[in-house]
There are 2 protein chains.
Amino acid sequence: MIVPRLIERKRDGKALEPAEIRELVLEYAAGNVPDYQMAAFLMAVFFRSLDKSEMTALMEAMIDSGDRLDLSHLQLPRIDKHSTGGVGDKTSLILAPVMASLGVAVPMMSGRGLGHTGGTLDKLESIPGFRTSLTLDEARRQVEKIGCAMLGQTLEIVPADRKLYALRDATATVEVIPLIAASIMSKKISESLTGLVLDIKSGSGSFLPELKDEIALAQAMIGLGADYGCPVVALVTAMDRPLGFACGNTLEVVEAIDVLNGGGPADLIEVTVELGAEMLLLGSKAGSRGEGRTMMQEAVSSGRAIAKFEEIVQAQGGDARVVRDPSRLGLAPIRREYYAPRDGVVQTVEPRAVGHGVIELGGGRTSMEDEVDPAVGFVITCKPGDRVKRGAPLAVVHARTEADAEAGKRRLGEAIVIGDAALRALPLVSHRITAAGVEPVNALS
Amino acid sequence: MIVPRLIERKRDGKALEPAEIRELVLEYAAGNVPDYQMAAFLMAVFFRSLDKSEMTALMEAMIDSGDRLDLSHLQLPRIDKHSTGGVGDKTSLILAPVMASLGVAVPMMSGRGLGHTGGTLDKLESIPGFRTSLTLDEARRQVEKIGCAMLGQTLEIVPADRKLYALRDATATVEVIPLIAASIMSKKISESLTGLVLDIKSGSGSFLPELKDEIALAQAMIGLGADYGCPVVALVTAMDRPLGFACGNTLEVVEAIDVLNGGGPADLIEVTVELGAEMLLLGSKAGSRGEGRTMMQEAVSSGRAIAKFEEIVQAQGGDARVVRDPSRLGLAPIRREYYAPRDGVVQTVEPRAVGHGVIELGGGRTSMEDEVDPAVGFVITCKPGDRVKRGAPLAVVHARTEADAEAGKRRLGEAIVIGDAALRALPLVSHRITAAGVEPVNALS
């Protein structure tokens, strides 16, 4: 393998052999191909893309660069949910226990928040003692025992992907659909999933600005999963406003517990239930989406879902008492209301502004080295389309200092735009994407 | 400067500020920007190019990364010649002494051969003792004293360019016109030139496969030189066959000495004289191209040119006796004739095949670490269009072993194609390119 000739061929729009991609990736993971050659290759891929067989070879090489979370001996469906990243999105915290309580094993490997979006690991770690750095052995034993483990990407799994991701982050080659698809699917296949539900966020707060790119990403992942016995179903959901009310790690855990207890914001419940119904369908636990929804409601109303969450928290070393008494979770000392500055209709609650506001309060990251303060954030109780009176309470800021609270309120002033007439908001769930194609959501039943 | 954001903007086709390019290059040279970020940037430049102000900023930063060969105190025109690289091209060896003997100072910084093309430094070093690794001080003193110095790129001059070039070589980002133009011109401006003649090779043996790219390169260099008081004139010359007869370092020195003594192949003389006439025009030593040609002939016939070459060889530590007695230059022990395999017309003498043949004999490089054997090579006395009889001697192979000589003859069999009718060969000099535009060569007078 002469690496510059390989980069050159990709640069010139020629396809590489799967064996060439494999060697490049494995030699890179082994430290035998330098970062600078891989960086040039990745930038060439930005411009020239990867075809299906190249993308598959990339994914396979990343899987084979490490160990797997082998769960193939389990007689249970193994379904995970993956989101392209949003603000206020705590659906994973709800879905994992609900699914496990319904007989679907959930080996859930999640990430940390970066930029304006939050991450499941940060949310879980706001529970005192909760340990997300499980080894693959620990994760396997926990899934065997209680049907679910919620962990971070371990050092043992897809090391090539971890190394590549760090390089992509430093070289402006993150937003490349085949690289994203192979990266996500390498982790999911390494978890021995039998199915994956993908939550594709659309709208101003989403990761990829164009819905067509999000759909292309979903279709690439569907293609990769199909070859590995891991069918993928994607729902396109709204991220033109935060999901639910709470934005900030502890606040989001509290809201997730609220939903597991039968409460919580309607939009969060609806998106969670639609994603969960797809998981139950993929796991052959429900015969129809309607049956799936009913099963989820029963899991909540029977108390089995919240009990499962308690089990997970306990199994991973967390203080399980917070599940029954969320007030045990500490919040920041300053709590300030934000009031409507005028009469009118809420036109937007801009997720990026909210997400950046959380970072400014100390609750998010601009680089992976940043520490996160779980106790800060916003609870924004208004939604686009709401008619409000001047002075009505729209949100609460949780902050460490008065100055932070004031800055938080200024951010809310930017994020929450009130006008004379409602703007068109995206439907909560707009499209469903499968191997068969893209269907609009009104076809869901 | 947030480097990934800068890469991203270039990637997305946006222009960068000159100050941003400058900071990127100087921080890269200082080791504060890692190779992998620069590699991604370079690949983005491959796809998005650089505009004039970006290219100028790149060139300036490379110049300012090191020292200059300051000759601005000399009351002489300072003209160099640069070629895009060819096979059998020994014009620099002839032009440097001829020009210096005519009152044009030639601070000539050259490169080594790589791939199928040869390099002036390797040719000079086939003269026993000849030292090309002059310091800038030595070079300046020599130009002051004898009007010419022939040296390699020193560590002091454009270090950013040297570091970038090594990275480009390893990342398939060599063939990028604004990068090539800025790289060459940074060196030329650092030599304090008052003019540059560019020899753009066209045809199958040329570096860039498309003539339009070669013209674009010339125009980019003309634009860069114009801003720095260094007018650039380019001639497009034929590289669909080797230039002259000799290909191989010692053989080429012998042929260059032959020309300096008034002999040598007609095509080599013609191209050298046309390039030299442009140098004399740029240096205001000749009022017309015709006058320039006459001056060169007189420099040769009077013996001043060969005497100047002797001076240069002596000044740089070489055995000057070889100039009067080239038989002192050692050639490889095996010498084998190559005969025409059939009656017919020589259709092609393919320069790439000849160049690769020289490498196989040990006389060239595939990587910069390779040692070069100066004593091997080919003397190919036939030219496209020559009518030949079966068994006529067409070339001589100079080799270390019988096996090498046989391999060399096989290469000649590939390179020299004999058919029934002549193919169209490129004119030796086809176009002249200046700031005013591209003119066909038949307009030259």
# chains A, B, ... in the order shown; residues from 1 in each chain; ligands from 1

call {"tool": "interface_residues", "arguments": {"of": "chain A", "to": "chain B", "cutoff": "12 Å", "atoms": "only C-alpha atoms", "output": "PyMOL selection string"}}
result
chain A and resi 2-13+33-48+164+166-176

call {"tool": "residues_around", "arguments": {"residues": "Val354 (chain A)", "least_positions_apart": "2", "cutoff": "8 Å", "atoms": "only C-alpha atoms", "output": "count of residues only"}}
result
15

call {"tool": "select_by_dssp", "arguments": {"residues": "region 50-203 of chain A", "states": "strand (DSSP E)", "output": "ChimeraX atom specification"}}
result
/A:79-83,106-110,148-152,195-202

call {"tool": "write_last_selection", "arguments": {"atoms": "N, CA, C and O atoms", "output": "PDB file, in the first residue's frame"}}
result
ATOM      1  N   ILE A  79     -32.126  -3.898  20.805  1.00  0.00           N
ATOM      2  CA  ILE A  79     -32.433  -2.703  20.015  1.00  0.00           C
ATOM      3  C   ILE A  79     -31.886  -1.473  20.722  1.00  0.00           C
ATOM      4  O   ILE A  79     -32.055  -1.311  21.922  1.00  0.00           O
ATOM      5  N   ASP A  80     -31.232  -0.622  19.940  1.00  0.00           N
ATOM      6  CA  ASP A  80     -30.752   0.646  20.475  1.00  0.00           C
ATOM      7  C   ASP A  80     -31.456   1.776  19.725  1.00  0.00           C
ATOM      8  O   ASP A  80     -32.083   1.559  18.676  1.00  0.00           O
ATOM      9  N   LYS A  81     -31.357   2.957  20.297  1.00  0.00           N
ATOM     10  CA  LYS A  81     -31.871   4.152  19.639  1.00  0.00           C
ATOM     11  C   LYS A  81     -30.724   5.133  19.522  1.00  0.00           C
ATOM     12  O   LYS A  81     -29.926   5.274  20.453  1.00  0.00           O
ATOM     13  N   HIS A  82     -30.591   5.765  18.371  1.00  0.00           N
ATOM     14  CA  HIS A  82     -29.515   6.746  18.195  1.00  0.00           C
ATOM     15  C   HIS A  82     -30.112   8.035  17.642  1.00  0.00           C
ATOM     16  O   HIS A  82     -30.938   8.001  16.729  1.00  0.00           O
ATOM     17  N   SER A  83     -29.676   9.150  18.189  1.00  0.00           N
ATOM     18  CA  SER A  83     -30.177  10.437  17.710  1.00  0.00           C
ATOM     19  C   SER A  83     -29.039  11.211  17.075  1.00  0.00           C
ATOM     20  O   SER A  83     -27.879  11.071  17.471  1.00  0.00           O
ATOM     21  N   VAL A 106     -31.449  -3.568  25.781  1.00  0.00           N
ATOM     22  CA  VAL A 106     -30.936  -2.287  25.285  1.00  0.00           C
ATOM     23  C   VAL A 106     -29.475  -2.103  25.723  1.00  0.00           C
ATOM     24  O   VAL A 106     -29.191  -1.627  26.807  1.00  0.00           O
ATOM     25  N   PRO A 107     -28.532  -2.540  24.866  1.00  0.00           N
ATOM     26  CA  PRO A 107     -27.124  -2.235  25.137  1.00  0.00           C
ATOM     27  C   PRO A 107     -26.864  -0.851  24.537  1.00  0.00           C
ATOM     28  O   PRO A 107     -26.641  -0.738  23.339  1.00  0.00           O
ATOM     29  N   MET A 108     -26.947   0.183  25.369  1.00  0.00           N
ATOM     30  CA  MET A 108     -26.961   1.545  24.833  1.00  0.00           C
ATOM     31  C   MET A 108     -25.615   2.221  25.048  1.00  0.00           C
ATOM     32  O   MET A 108     -25.222   2.513  26.166  1.00  0.00           O
ATOM     33  N   MET A 109     -24.914   2.450  23.939  1.00  0.00           N
ATOM     34  CA  MET A 109     -23.635   3.139  24.015  1.00  0.00           C
ATOM     35  C   MET A 109     -23.851   4.567  23.552  1.00  0.00           C
ATOM     36  O   MET A 109     -24.248   4.798  22.415  1.00  0.00           O
ATOM     37  N   SER A 110     -23.608   5.506  24.434  1.00  0.00           N
ATOM     38  CA  SER A 110     -23.934   6.906  24.137  1.00  0.00           C
ATOM     39  C   SER A 110     -22.699   7.783  24.173  1.00  0.00           C
ATOM     40  O   SER A 110     -21.618   7.352  24.553  1.00  0.00           O
ATOM     41  N   CYS A 148     -30.454  -4.143  30.301  1.00  0.00           N
ATOM     42  CA  CYS A 148     -30.032  -2.823  29.807  1.00  0.00           C
ATOM     43  C   CYS A 148     -28.707  -2.407  30.425  1.00  0.00           C
ATOM     44  O   CYS A 148     -28.455  -2.675  31.603  1.00  0.00           O
ATOM     45  N   ALA A 149     -27.867  -1.770  29.659  1.00  0.00           N
ATOM     46  CA  ALA A 149     -26.687  -1.092  30.194  1.00  0.00           C
ATOM     47  C   ALA A 149     -26.523   0.197  29.407  1.00  0.00           C
ATOM     48  O   ALA A 149     -26.719   0.222  28.188  1.00  0.00           O
ATOM     49  N   MET A 150     -26.199   1.277  30.126  1.00  0.00           N
ATOM     50  CA  MET A 150     -26.054   2.589  29.474  1.00  0.00           C
ATOM     51  C   MET A 150     -24.611   3.029  29.685  1.00  0.00           C
ATOM     52  O   MET A 150     -24.230   3.422  30.782  1.00  0.00           O
ATOM     53  N   LEU A 151     -23.817   2.954  28.612  1.00  0.00           N
ATOM     54  CA  LEU A 151     -22.385   3.154  28.790  1.00  0.00           C
ATOM     55  C   LEU A 151     -21.796   4.073  27.733  1.00  0.00           C
ATOM     56  O   LEU A 151     -22.427   4.349  26.716  1.00  0.00           O
ATOM     57  N   GLY A 152     -20.594   4.508  28.018  1.00  0.00           N
ATOM     58  CA  GLY A 152     -19.852   5.305  27.047  1.00  0.00           C
ATOM     59  C   GLY A 152     -19.069   4.394  26.124  1.00  0.00           C
ATOM     60  O   GLY A 152     -18.948   3.190  26.366  1.00  0.00           O
ATOM     61  N   GLY A 195     -31.455  -4.553  15.875  1.00  0.00           N
ATOM     62  CA  GLY A 195     -32.223  -3.479  15.255  1.00  0.00           C
ATOM     63  C   GLY A 195     -31.834  -2.143  15.850  1.00  0.00           C
ATOM     64  O   GLY A 195     -31.332  -2.073  16.968  1.00  0.00           O
ATOM     65  N   LEU A 196     -32.023  -1.087  15.055  1.00  0.00           N
ATOM     66  CA  LEU A 196     -31.661   0.253  15.510  1.00  0.00           C
ATOM     67  C   LEU A 196     -32.731   1.234  15.053  1.00  0.00           C
ATOM     68  O   LEU A 196     -33.140   1.210  13.895  1.00  0.00           O
ATOM     69  N   VAL A 197     -33.173   2.073  15.995  1.00  0.00           N
ATOM     70  CA  VAL A 197     -34.074   3.164  15.623  1.00  0.00           C
ATOM     71  C   VAL A 197     -33.265   4.452  15.653  1.00  0.00           C
ATOM     72  O   VAL A 197     -32.559   4.738  16.620  1.00  0.00           O
ATOM     73  N   LEU A 198     -33.374   5.182  14.543  1.00  0.00           N
ATOM     74  CA  LEU A 198     -32.581   6.386  14.378  1.00  0.00           C
ATOM     75  C   LEU A 198     -33.513   7.588  14.478  1.00  0.00           C
ATOM     76  O   LEU A 198     -34.551   7.625  13.827  1.00  0.00           O
ATOM     77  N   ASP A 199     -33.129   8.528  15.323  1.00  0.00           N
ATOM     78  CA  ASP A 199     -33.911   9.761  15.467  1.00  0.00           C
ATOM     79  C   ASP A 199     -33.163  10.856  14.711  1.00  0.00           C
ATOM     80  O   ASP A 199     -32.137  11.360  15.168  1.00  0.00           O
ATOM     81  N   ILE A 200     -33.676  11.179  13.527  1.00  0.00           N
ATOM     82  CA  ILE A 200     -33.047  12.187  12.686  1.00  0.00           C
ATOM     83  C   ILE A 200     -33.689  13.526  13.029  1.00  0.00           C
ATOM     84  O   ILE A 200     -34.869  13.732  12.773  1.00  0.00           O
ATOM     85  N   LYS A 201     -32.899  14.414  13.585  1.00  0.00           N
ATOM     86  CA  LYS A 201     -33.437  15.722  13.957  1.00  0.00           C
ATOM     87  C   LYS A 201     -33.466  16.622  12.731  1.00  0.00           C
ATOM     88  O   LYS A 201     -32.476  16.688  11.973  1.00  0.00           O
ATOM     89  N   SER A 202     -34.554  17.341  12.535  1.00  0.00           N
ATOM     90  CA  SER A 202     -34.612  18.289  11.428  1.00  0.00           C
ATOM     91  C   SER A 202     -34.894  19.677  11.981  1.00  0.00           C
ATOM     92  O   SER A 202     -35.352  19.832  13.101  1.00  0.00           O
TER      93      SER A 202
END

call {"tool": "residues_around", "arguments": {"residues": "region 135-139 of chain B", "least_positions_apart": "3", "cutoff": "7 Å", "atoms": "only C-alpha atoms", "output": "list in words"}}
result
Leu69, Gln142, Val143, Ala149 and Thr154 of chain B

call {"tool": "residues_around", "arguments": {"residues": "Val273 (chain B)", "least_positions_apart": "2", "cutoff": "10 Å", "atoms": "only C-alpha atoms", "output": "ChimeraX atom specification"}}
result
/B:91,94-95,98,267-271,275-279,289,292-297

call {"tool": "closest_residue", "arguments": {"among": "B:Val104, B:Ser133, B:Leu74, B:Met1", "to": "Ala286 (chain B)", "atoms": "only C-alpha atoms"}}
result
B:Val104

call {"tool": "select_by_dssp", "arguments": {"residues": "region 159-263 of chain A", "states": "helix (DSSP H, G or I)", "output": "number ranges by chain"}}
result
A: 159-170, 177-190, 211-226, 249-260

call {"tool": "closest_residue", "arguments": {"among": "B:Ser72, B:Gln347, B:Thr117, B:Gln153", "to": "Asp420 (chain B)", "atoms": "only C-alpha atoms"}}
result
B:Gln347

call {"tool": "closest_residue", "arguments": {"among": "A:Ala392, A:Val322, A:Ile359, A:Thr381", "to": "Asp343 (chain A)", "atoms": "only C-alpha atoms"}}
result
A:Ala392

call {"tool": "residues_around", "arguments": {"residues": "region 299-307 of chain B", "least_positions_apart": "4", "cutoff": "12 Å", "atoms": "only C-alpha atoms", "output": "PyMOL selection string"}}
result
chain B and resi 93-103+146+256-264+269+273+276+292-295+311-314+320-325

call {"tool": "closest_residue", "arguments": {"among": "A:Glu191, A:Ala234, A:Ala29, A:Arg342", "to": "Ala216 (chain A)", "atoms": "only C-alpha atoms"}}
result
A:Ala234

call {"tool": "atom_distance", "arguments": {"atom1": "CA of Arg328 (chain B)", "atom2": "CA of Gly115 (chain B)"}}
result
28.2 Å

call {"tool": "residues_around", "arguments": {"residues": "region 430-441 of chain B", "least_positions_apart": "6", "cutoff": "8 Å", "atoms": "only C-alpha atoms", "output": "PDB file with all heavy atoms, in the first residue's frame"}}
result
ATOM      1  N   ILE B 215      -0.063  26.333 -18.665  1.00  0.00           N
ATOM      2  CA  ILE B 215      -0.224  27.767 -18.959  1.00  0.00           C
ATOM      3  C   ILE B 215      -0.772  28.490 -17.722  1.00  0.00           C
ATOM      4  O   ILE B 215      -0.322  29.591 -17.372  1.00  0.00           O
ATOM      5  CB  ILE B 215      -1.129  27.961 -20.202  1.00  0.00           C
ATOM      6  CG1 ILE B 215      -0.376  27.469 -21.458  1.00  0.00           C
ATOM      7  CG2 ILE B 215      -1.558  29.411 -20.344  1.00  0.00           C
ATOM      8  CD1 ILE B 215      -1.218  27.461 -22.716  1.00  0.00           C
ATOM      9  N   ALA B 218       2.048  29.033 -15.410  1.00  0.00           N
ATOM     10  CA  ALA B 218       2.899  30.148 -15.856  1.00  0.00           C
ATOM     11  C   ALA B 218       2.228  31.475 -15.524  1.00  0.00           C
ATOM     12  O   ALA B 218       2.872  32.401 -15.015  1.00  0.00           O
ATOM     13  CB  ALA B 218       3.152  30.038 -17.355  1.00  0.00           C
ATOM     14  N   GLN B 219       0.934  31.564 -15.777  1.00  0.00           N
ATOM     15  CA  GLN B 219       0.247  32.838 -15.544  1.00  0.00           C
ATOM     16  C   GLN B 219       0.184  33.176 -14.057  1.00  0.00           C
ATOM     17  O   GLN B 219       0.301  34.338 -13.669  1.00  0.00           O
ATOM     18  CB  GLN B 219      -1.130  32.807 -16.207  1.00  0.00           C
ATOM     19  CG  GLN B 219      -0.960  32.865 -17.738  1.00  0.00           C
ATOM     20  CD  GLN B 219      -2.243  32.765 -18.518  1.00  0.00           C
ATOM     21  OE1 GLN B 219      -3.168  32.060 -18.102  1.00  0.00           O
ATOM     22  NE2 GLN B 219      -2.305  33.450 -19.646  1.00  0.00           N
ATOM     23  N   ILE B 222       3.594  34.446 -13.267  1.00  0.00           N
ATOM     24  CA  ILE B 222       3.759  35.795 -13.833  1.00  0.00           C
ATOM     25  C   ILE B 222       3.088  36.816 -12.911  1.00  0.00           C
ATOM     26  O   ILE B 222       3.648  37.868 -12.598  1.00  0.00           O
ATOM     27  CB  ILE B 222       3.169  35.846 -15.268  1.00  0.00           C
ATOM     28  CG1 ILE B 222       4.076  35.060 -16.225  1.00  0.00           C
ATOM     29  CG2 ILE B 222       2.981  37.288 -15.730  1.00  0.00           C
ATOM     30  CD1 ILE B 222       3.438  34.745 -17.571  1.00  0.00           C
ATOM     31  N   GLY B 223       1.889  36.477 -12.434  1.00  0.00           N
ATOM     32  CA  GLY B 223       1.153  37.379 -11.537  1.00  0.00           C
ATOM     33  C   GLY B 223       1.901  37.610 -10.233  1.00  0.00           C
ATOM     34  O   GLY B 223       1.985  38.734  -9.736  1.00  0.00           O
ATOM     35  N   VAL B 232       8.259  37.703 -15.178  1.00  0.00           N
ATOM     36  CA  VAL B 232       8.416  36.295 -15.564  1.00  0.00           C
ATOM     37  C   VAL B 232       7.979  36.143 -17.011  1.00  0.00           C
ATOM     38  O   VAL B 232       6.927  36.654 -17.398  1.00  0.00           O
ATOM     39  CB  VAL B 232       7.558  35.377 -14.662  1.00  0.00           C
ATOM     40  CG1 VAL B 232       7.682  33.917 -15.104  1.00  0.00           C
ATOM     41  CG2 VAL B 232       7.945  35.538 -13.188  1.00  0.00           C
ATOM     42  N   VAL B 233       8.809  35.479 -17.813  1.00  0.00           N
ATOM     43  CA  VAL B 233       8.440  35.131 -19.191  1.00  0.00           C
ATOM     44  C   VAL B 233       8.550  33.615 -19.301  1.00  0.00           C
ATOM     45  O   VAL B 233       9.530  33.027 -18.841  1.00  0.00           O
ATOM     46  CB  VAL B 233       9.387  35.801 -20.210  1.00  0.00           C
ATOM     47  CG1 VAL B 233       9.135  35.274 -21.612  1.00  0.00           C
ATOM     48  CG2 VAL B 233       9.233  37.318 -20.169  1.00  0.00           C
ATOM     49  N   ALA B 234       7.535  33.000 -19.893  1.00  0.00           N
ATOM     50  CA  ALA B 234       7.551  31.539 -20.027  1.00  0.00           C
ATOM     51  C   ALA B 234       7.583  31.132 -21.489  1.00  0.00           C
ATOM     52  O   ALA B 234       6.932  31.747 -22.323  1.00  0.00           O
ATOM     53  CB  ALA B 234       6.322  30.945 -19.354  1.00  0.00           C
ATOM     54  N   LEU B 235       8.386  30.105 -21.779  1.00  0.00           N
ATOM     55  CA  LEU B 235       8.314  29.462 -23.095  1.00  0.00           C
ATOM     56  C   LEU B 235       7.773  28.057 -22.891  1.00  0.00           C
ATOM     57  O   LEU B 235       8.171  27.370 -21.943  1.00  0.00           O
ATOM     58  CB  LEU B 235       9.708  29.383 -23.742  1.00  0.00           C
ATOM     59  CG  LEU B 235      10.383  30.705 -24.097  1.00  0.00           C
ATOM     60  CD1 LEU B 235      11.733  30.425 -24.783  1.00  0.00           C
ATOM     61  CD2 LEU B 235       9.496  31.565 -25.000  1.00  0.00           C
ATOM     62  N   VAL B 236       6.857  27.651 -23.765  1.00  0.00           N
ATOM     63  CA  VAL B 236       6.367  26.279 -23.732  1.00  0.00           C
ATOM     64  C   VAL B 236       7.237  25.470 -24.682  1.00  0.00           C
ATOM     65  O   VAL B 236       7.312  25.784 -25.869  1.00  0.00           O
ATOM     66  CB  VAL B 236       4.886  26.200 -24.154  1.00  0.00           C
ATOM     67  CG1 VAL B 236       4.410  24.753 -24.154  1.00  0.00           C
ATOM     68  CG2 VAL B 236       4.016  27.057 -23.230  1.00  0.00           C
ATOM     69  N   THR B 237       7.934  24.460 -24.147  1.00  0.00           N
ATOM     70  CA  THR B 237       8.853  23.683 -24.991  1.00  0.00           C
ATOM     71  C   THR B 237       8.469  22.201 -24.981  1.00  0.00           C
ATOM     72  O   THR B 237       7.798  21.730 -24.061  1.00  0.00           O
ATOM     73  CB  THR B 237      10.325  23.850 -24.542  1.00  0.00           C
ATOM     74  OG1 THR B 237      10.499  23.161 -23.302  1.00  0.00           O
ATOM     75  CG2 THR B 237      10.702  25.316 -24.371  1.00  0.00           C
ATOM     76  N   ALA B 238       8.925  21.509 -26.012  1.00  0.00           N
ATOM     77  CA  ALA B 238       8.472  20.133 -26.246  1.00  0.00           C
ATOM     78  C   ALA B 238       9.081  19.152 -25.245  1.00  0.00           C
ATOM     79  O   ALA B 238      10.303  19.103 -25.083  1.00  0.00           O
ATOM     80  CB  ALA B 238       8.842  19.701 -27.662  1.00  0.00           C
TER      81      ALA B 238
END

call {"tool": "closest_residue", "arguments": {"among": "A:Glu60, A:Asp404, A:Glu210, A:Glu23", "to": "Tyr228 (chain A)", "atoms": "only C-alpha atoms"}}
result
A:Glu60
